[in-house]
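Okay, work04.cif is below, mmCIF, C-alpha atoms:
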```cif
data_structure
loop_
_atom_site.group_PDB
_atom_site.id
_atom_site.type_symbol
_atom_site.label_atom_id
_atom_site.label_comp_id
_atom_site.auth_asym_id
_atom_site.auth_seq_id
_atom_site.Cartn_x
_atom_site.Cartn_y
_atom_site.Cartn_z
ATOM 1 C CA MET C 1 -23.355 8.318 1.526
ATOM 2 C CA PHE C 2 -19.925 10.014 1.648
ATOM 3 C CA ILE C 3 -19.534 9.110 5.328
ATOM 4 C CA LEU C 4 -20.572 5.487 4.771
ATOM 5 C CA TYR C 5 -18.083 5.115 1.908
ATOM 6 C CA PHE C 6 -15.334 6.664 4.043
ATOM 7 C CA ILE C 7 -16.084 4.295 6.945
ATOM 8 C CA VAL C 8 -16.005 1.265 4.624
ATOM 9 C CA CYS C 9 -12.691 2.450 3.134
ATOM 10 C CA LEU C 10 -11.268 3.028 6.625
ATOM 11 C CA LEU C 11 -12.360 -0.377 7.932
ATOM 12 C CA GLN C 12 -11.473 -2.369 4.825
ATOM 13 C CA PRO C 13 -7.719 -2.625 5.518
ATOM 14 C CA ILE C 14 -8.437 -3.356 9.176
ATOM 15 C CA CYS C 15 -11.216 -5.910 9.264
ATOM 16 C CA LEU C 16 -13.387 -6.114 6.128
ATOM 17 C CA PRO C 17 -12.701 -9.100 3.856
ATOM 18 C CA VAL C 18 -13.907 -7.254 0.739
ATOM 19 C CA PRO C 19 -11.567 -6.620 -2.210
ATOM 20 C CA GLU C 20 -10.569 -2.995 -2.768
ATOM 21 C CA LEU C 21 -11.926 -3.175 -6.307
ATOM 22 C CA VAL C 22 -15.456 -3.902 -5.064
ATOM 23 C CA THR C 23 -15.377 -1.024 -2.598
ATOM 24 C CA VAL C 24 -14.012 1.504 -5.099
ATOM 25 C CA VAL C 25 -16.427 0.480 -7.861
ATOM 26 C CA TRP C 26 -19.322 0.823 -5.410
ATOM 27 C CA GLY C 27 -18.062 4.276 -4.402
ATOM 28 C CA MET C 28 -17.527 5.276 -8.020
ATOM 29 C CA GLN C 29 -21.059 4.274 -9.016
ATOM 30 C CA THR C 30 -22.579 5.904 -5.964
ATOM 31 C CA LEU C 31 -20.523 9.089 -5.627
ATOM 32 C CA GLY C 32 -18.696 9.497 -8.928
ATOM 33 C CA ALA C 33 -15.069 9.032 -9.954
ATOM 34 C CA VAL C 34 -13.444 12.033 -8.249
ATOM 35 C CA PRO C 35 -15.135 11.754 -4.819
ATOM 36 C CA SER C 36 -14.617 7.980 -4.728
ATOM 37 C CA PHE C 37 -10.929 8.482 -5.533
ATOM 38 C CA ILE C 38 -10.307 11.180 -2.906
ATOM 39 C CA ILE C 39 -12.344 9.601 -0.120
ATOM 40 C CA GLY C 40 -11.047 6.118 -1.009
ATOM 41 C CA VAL C 41 -7.384 7.108 -0.836
ATOM 42 C CA ILE C 42 -7.803 9.005 2.436
ATOM 43 C CA GLY C 43 -9.888 6.253 4.077
ATOM 44 C CA MET C 44 -7.728 3.338 2.983
ATOM 45 C CA VAL C 45 -4.431 5.040 3.831
ATOM 46 C CA LEU C 46 -5.769 5.866 7.301
ATOM 47 C CA GLY C 47 -6.944 2.264 7.714
ATOM 48 C CA VAL C 48 -3.603 0.835 6.646
ATOM 49 C CA SER C 49 -1.831 3.273 8.993
ATOM 50 C CA ILE C 50 -3.963 2.077 11.893
ATOM 51 C CA MET C 51 -3.048 -1.537 11.057
ATOM 52 C CA TYR C 52 0.644 -0.625 10.924
ATOM 53 C CA HIS C 53 0.563 0.973 14.379
ATOM 54 C CA MET C 54 -1.499 -1.853 15.896
ATOM 55 C CA SER C 55 0.912 -4.408 14.464
ATOM 56 C CA ASN C 56 3.949 -2.442 15.589
ATOM 57 C CA LYS C 57 2.779 -2.561 19.206
ATOM 58 C CA VAL C 58 1.687 -6.211 19.217
ATOM 59 C CA SER C 59 4.572 -7.591 17.130
ATOM 60 C CA LYS C 60 7.248 -6.453 19.585
ATOM 61 C CA VAL C 61 5.598 -8.424 22.358
ATOM 62 C CA MET C 62 5.119 -11.497 20.133
ATOM 63 C CA ILE C 63 8.738 -11.457 18.923
ATOM 64 C CA GLU C 64 10.081 -11.323 22.462
ATOM 65 C CA LYS C 65 7.628 -13.901 23.806
ATOM 66 C CA PHE C 66 8.237 -16.520 21.084
ATOM 67 C CA HIS C 67 11.936 -15.757 20.436
ATOM 68 C CA TYR C 68 11.509 -14.995 16.721
ATOM 69 C CA LYS C 69 14.341 -12.461 16.573
ATOM 70 C CA ASN C 70 16.715 -14.546 14.383
ATOM 71 C CA GLY C 71 14.021 -15.493 11.873
ATOM 72 C CA LEU C 72 12.779 -11.932 11.763
ATOM 73 C CA GLU C 73 16.272 -10.599 11.045
ATOM 74 C CA LEU C 74 16.591 -12.986 8.096
ATOM 75 C CA PHE C 75 13.164 -11.925 6.776
ATOM 76 C CA GLN C 76 14.124 -8.262 7.167
ATOM 77 C CA HIS C 77 17.354 -8.882 5.264
ATOM 78 C CA TYR C 78 15.438 -10.265 2.272
ATOM 79 C CA VAL C 79 12.766 -7.571 2.286
ATOM 80 C CA ASN C 80 15.144 -4.660 2.980
ATOM 81 C CA ARG C 81 16.630 -4.447 -0.506
ATOM 82 C CA TYR C 82 13.325 -4.010 -2.332
ATOM 83 C CA ASP C 83 11.036 -2.845 0.463
ATOM 84 C CA ILE C 84 9.448 0.054 -1.404
ATOM 85 C CA LEU C 85 8.750 -1.918 -4.554
ATOM 86 C CA PHE C 86 7.723 -5.007 -2.579
ATOM 87 C CA VAL C 87 5.176 -3.207 -0.399
ATOM 88 C CA GLY C 88 3.947 -1.098 -3.305
ATOM 89 C CA LEU C 89 3.349 -4.152 -5.476
ATOM 90 C CA LEU C 90 1.514 -5.879 -2.654
ATOM 91 C CA PHE C 91 -0.768 -2.855 -2.289
ATOM 92 C CA VAL C 92 -1.469 -2.593 -6.018
ATOM 93 C CA VAL C 93 -1.629 -6.250 -7.060
ATOM 94 C CA PRO C 94 -4.249 -8.057 -4.974
ATOM 95 C CA ILE C 95 -2.006 -10.921 -3.881
ATOM 96 C CA LEU C 96 -2.422 -10.300 -0.152
ATOM 97 C CA PRO C 97 -5.087 -8.313 1.672
ATOM 98 C CA ASP C 98 -4.074 -4.878 2.955
ATOM 99 C CA GLU C 99 -4.477 -6.169 6.516
ATOM 100 C CA ILE C 100 -1.565 -8.546 5.993
ATOM 101 C CA ILE C 101 0.600 -5.823 4.467
ATOM 102 C CA GLY C 102 -0.140 -3.507 7.404
ATOM 103 C CA LEU C 103 0.745 -6.306 9.816
ATOM 104 C CA GLY C 104 3.896 -7.382 7.982
ATOM 105 C CA ALA C 105 5.504 -4.014 7.292
ATOM 106 C CA PRO C 106 6.609 -3.303 10.884
ATOM 107 C CA LEU C 107 7.858 -6.878 11.181
ATOM 108 C CA ALA C 108 9.906 -6.348 8.031
ATOM 109 C CA GLY C 109 11.523 -3.290 9.600
ATOM 110 C CA ILE C 110 9.928 -0.797 7.226
ATOM 111 C CA SER C 111 9.770 2.582 8.933
ATOM 112 C CA TYR C 112 6.398 4.291 9.250
ATOM 113 C CA PRO C 113 7.329 7.355 7.135
ATOM 114 C CA LYS C 114 8.486 5.117 4.281
ATOM 115 C CA PHE C 115 5.443 2.854 4.699
ATOM 116 C CA LEU C 116 3.101 5.846 4.689
ATOM 117 C CA LEU C 117 4.687 7.284 1.543
ATOM 118 C CA VAL C 118 4.408 3.943 -0.264
ATOM 119 C CA ALA C 119 0.818 3.482 0.959
ATOM 120 C CA ILE C 120 -0.248 6.926 -0.255
ATOM 121 C CA ILE C 121 1.361 6.499 -3.662
ATOM 122 C CA SER C 122 0.211 2.897 -4.122
ATOM 123 C CA LYS C 123 -3.341 3.593 -3.024
ATOM 124 C CA ALA C 124 -3.513 6.695 -5.230
ATOM 125 C CA VAL C 125 -2.338 4.621 -8.193
ATOM 126 C CA SER C 126 -4.548 1.589 -7.544
ATOM 127 C CA ILE C 127 -7.701 3.499 -6.603
ATOM 128 C CA GLY C 128 -7.072 6.048 -9.341
ATOM 129 C CA MET C 129 -6.763 3.325 -11.951
ATOM 130 C CA VAL C 130 -10.086 1.837 -10.858
ATOM 131 C CA SER C 131 -11.866 5.176 -10.492
ATOM 132 C CA PHE C 132 -10.633 6.561 -13.788
ATOM 133 C CA SER C 133 -10.154 3.343 -15.791
ATOM 134 C CA GLU C 134 -12.883 4.233 -18.292
ATOM 135 C CA GLN C 135 -11.402 7.648 -18.971
ATOM 136 C CA ILE C 136 -7.829 6.301 -19.150
ATOM 137 C CA GLY C 137 -8.900 3.460 -21.432
ATOM 138 C CA SER C 138 -10.836 5.685 -23.810
ATOM 139 C CA ILE C 139 -8.176 8.430 -23.961
ATOM 140 C CA CYS C 140 -5.257 6.037 -24.511
ATOM 141 C CA SER C 141 -7.226 3.275 -26.304
ATOM 142 C CA LEU C 142 -6.050 0.723 -23.735
ATOM 143 C CA GLN C 143 -7.621 -2.557 -22.728
ATOM 144 C CA GLY C 144 -7.902 -3.844 -19.139
ATOM 145 C CA TRP C 145 -4.621 -5.759 -19.061
ATOM 146 C CA GLN C 146 -2.775 -2.806 -20.598
ATOM 147 C CA ILE C 147 -4.111 -0.507 -17.872
ATOM 148 C CA ILE C 148 -2.825 -2.941 -15.254
ATOM 149 C CA MET C 149 0.598 -2.980 -16.933
ATOM 150 C CA LEU C 150 0.566 0.840 -16.983
ATOM 151 C CA GLU C 151 -0.247 0.803 -13.265
ATOM 152 C CA LEU C 152 2.631 -1.561 -12.489
ATOM 153 C CA GLY C 153 5.006 0.481 -14.661
ATOM 154 C CA MET C 154 4.060 3.658 -12.801
ATOM 155 C CA LEU C 155 4.691 1.924 -9.496
ATOM 156 C CA LEU C 156 8.085 0.690 -10.660
ATOM 157 C CA LEU C 157 9.108 4.194 -11.762
ATOM 158 C CA ILE C 158 7.901 5.714 -8.501
ATOM 159 C CA SER C 159 9.812 3.149 -6.426
ATOM 160 C CA LYS C 160 12.968 3.798 -8.461
ATOM 161 C CA GLY C 161 12.497 7.540 -7.856
ATOM 162 C CA ILE C 162 12.130 7.034 -4.105
ATOM 163 C CA ARG C 163 15.213 4.775 -4.043
ATOM 164 C CA TYR C 164 17.187 7.371 -5.997
ATOM 165 C CA ALA C 165 16.114 10.119 -3.573
ATOM 166 C CA ASP C 166 17.169 7.935 -0.627
ATOM 167 C CA TYR C 167 20.506 7.280 -2.327
ATOM 168 C CA LYS C 168 21.117 10.996 -2.920
ATOM 169 C CA LYS C 169 20.151 11.743 0.681
ATOM 170 C CA SER C 170 22.602 9.138 2.000
ATOM 171 C CA LEU C 171 25.386 10.646 -0.140
ATOM 172 C CA LYS C 172 24.759 14.099 1.326
ATOM 173 C CA GLU C 173 24.786 12.715 4.867
ATOM 174 C CA ALA C 174 28.054 10.845 4.323
#
```
Write the structure described by the file as structure tokens, please.
Amino acid sequence: MFILYFIVCLLQPICLPVPELVTVVWGMQTLGAVPSFIIGVIGMVLGVSIMYHMSNKVSKVMIEKFHYKNGLELFQHYVNRYDILFVGLLFVVPILPDEIIGLGAPLAGISYPKFLLVAIISKAVSIGMVSFSEQIGSICSLQGWQIIMLELGMLLLISKGIRYADYKKSLKEA
């Protein structure tokens, strides 16, 4: 059952049109909270990474073929300022499927190391909140919407921390 759950988590961000919540709840009920969290994060981050690399290869060809360079530069300009928070929110809040995020990140000019870091943190937060929502809710006496707000607050703090680290790094290099 562990292998099946891992394969579903791996394929979900690539080609399965199933919400992350459904997959994680199934894994949690079948395997338990801790195994579903660990296997879910590893599988989904690997799946999103595969989508990023596939998109990176194909998008270069598409941009050159259809002459989208000017439009892409404008899109990159808008996304560049809040890339970490933007991608993180898209991973956590189910607005777009992970496939779209994996396809769009290279087009937005987000580097793979930054994308991977955001994917790991976002997936750990989102899957962790689903896997451990009962425990978090009972310990902190929180309701569902409050847990979601806690999740978004954590993501905001993490993105600010990453931005601050990037800022400090750029100061040292200058």
Margin query: Can you translate the PyMOL selection byres ((chain C and resi 2-14) around 9) into the concrete residues it hits in this file, as a PyMOL selection string?
Written below: chain C and resi 1+15-20+23-24+26-27+31+35-36+39-48+50-51+97-102
Next, write the just-selected residues to a file, as a PDB file, keeping the file's coordinate frame, keeping C-alpha atoms as the atom set.
```pdb
ATOM      1  CA  MET C   1     -23.355   8.318   1.526  1.00  0.00           C
ATOM      2  CA  CYS C  15     -11.216  -5.910   9.264  1.00  0.00           C
ATOM      3  CA  LEU C  16     -13.387  -6.114   6.128  1.00  0.00           C
ATOM      4  CA  PRO C  17     -12.701  -9.100   3.856  1.00  0.00           C
ATOM      5  CA  VAL C  18     -13.907  -7.254   0.739  1.00  0.00           C
ATOM      6  CA  PRO C  19     -11.567  -6.620  -2.210  1.00  0.00           C
ATOM      7  CA  GLU C  20     -10.569  -2.995  -2.768  1.00  0.00           C
ATOM      8  CA  THR C  23     -15.377  -1.024  -2.598  1.00  0.00           C
ATOM      9  CA  VAL C  24     -14.012   1.504  -5.099  1.00  0.00           C
ATOM     10  CA  TRP C  26     -19.322   0.823  -5.410  1.00  0.00           C
ATOM     11  CA  GLY C  27     -18.062   4.276  -4.402  1.00  0.00           C
ATOM     12  CA  LEU C  31     -20.523   9.089  -5.627  1.00  0.00           C
ATOM     13  CA  PRO C  35     -15.135  11.754  -4.819  1.00  0.00           C
ATOM     14  CA  SER C  36     -14.617   7.980  -4.728  1.00  0.00           C
ATOM     15  CA  ILE C  39     -12.344   9.601  -0.120  1.00  0.00           C
ATOM     16  CA  GLY C  40     -11.047   6.118  -1.009  1.00  0.00           C
ATOM     17  CA  VAL C  41      -7.384   7.108  -0.836  1.00  0.00           C
ATOM     18  CA  ILE C  42      -7.803   9.005   2.436  1.00  0.00           C
ATOM     19  CA  GLY C  43      -9.888   6.253   4.077  1.00  0.00           C
ATOM     20  CA  MET C  44      -7.728   3.338   2.983  1.00  0.00           C
ATOM     21  CA  VAL C  45      -4.431   5.040   3.831  1.00  0.00           C
ATOM     22  CA  LEU C  46      -5.769   5.866   7.301  1.00  0.00           C
ATOM     23  CA  GLY C  47      -6.944   2.264   7.714  1.00  0.00           C
ATOM     24  CA  VAL C  48      -3.603   0.835   6.646  1.00  0.00           C
ATOM     25  CA  ILE C  50      -3.963   2.077  11.893  1.00  0.00           C
ATOM     26  CA  MET C  51      -3.048  -1.537  11.057  1.00  0.00           C
ATOM     27  CA  PRO C  97      -5.087  -8.313   1.672  1.00  0.00           C
ATOM     28  CA  ASP C  98      -4.074  -4.878   2.955  1.00  0.00           C
ATOM     29  CA  GLU C  99      -4.477  -6.169   6.516  1.00  0.00           C
ATOM     30  CA  ILE C 100      -1.565  -8.546   5.993  1.00  0.00           C
ATOM     31  CA  ILE C 101       0.600  -5.823   4.467  1.00  0.00           C
ATOM     32  CA  GLY C 102      -0.140  -3.507   7.404  1.00  0.00           C
TER      33      GLY C 102
END
```
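Restricting the calculation to only C-alpha atoms, the smallest distance between Lys57 in chain C and any of C:Leu107, C:Leu157, C:Leu117, C:Ile127 is found for C:Leu107.
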Item checked: Selected residue, from C:Ile139, C:Met54, C:Met129, C:Ile158, that lies nearest to Leu103 in chain C when counting all atoms listed in the file -> C:Met54
Next item on the list: Select, from C:Ser131, C:Thr30, C:Glu64, C:Lys114, the residue with the minimum atom-to-atom distance to Val87 in chain C, counting all atoms listed in the file.
Entry: C:Lys114
Next item on the list: Take CA of Glu134 in chain C and CA of Val25 in chain C and report the distance between them in Å, one decimal.
Entry: 11.6 Å
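Picture a line from CA of Ala108 in chain C to CA of Ile38 in chain C; it runs 28.9 Å.
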Note to self: Just checking: using only C-alpha atoms, which residue out of C:Gly128, C:Gly88, C:Gly32, C:Pro106 ends up closest to Ser159 in chain C?
What the structure shows: C:Gly88
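Counting from CA of Ala119 in chain C, the distance to CA of Lys168 in chain C is 22.0 Å.
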Checklist line | C:Tyr52, C:Asp166, C:Lys123, C:Met154 ranked by distance to Ile110 in chain C, top pick (using all atoms listed in the file) | finding: C:Tyr52
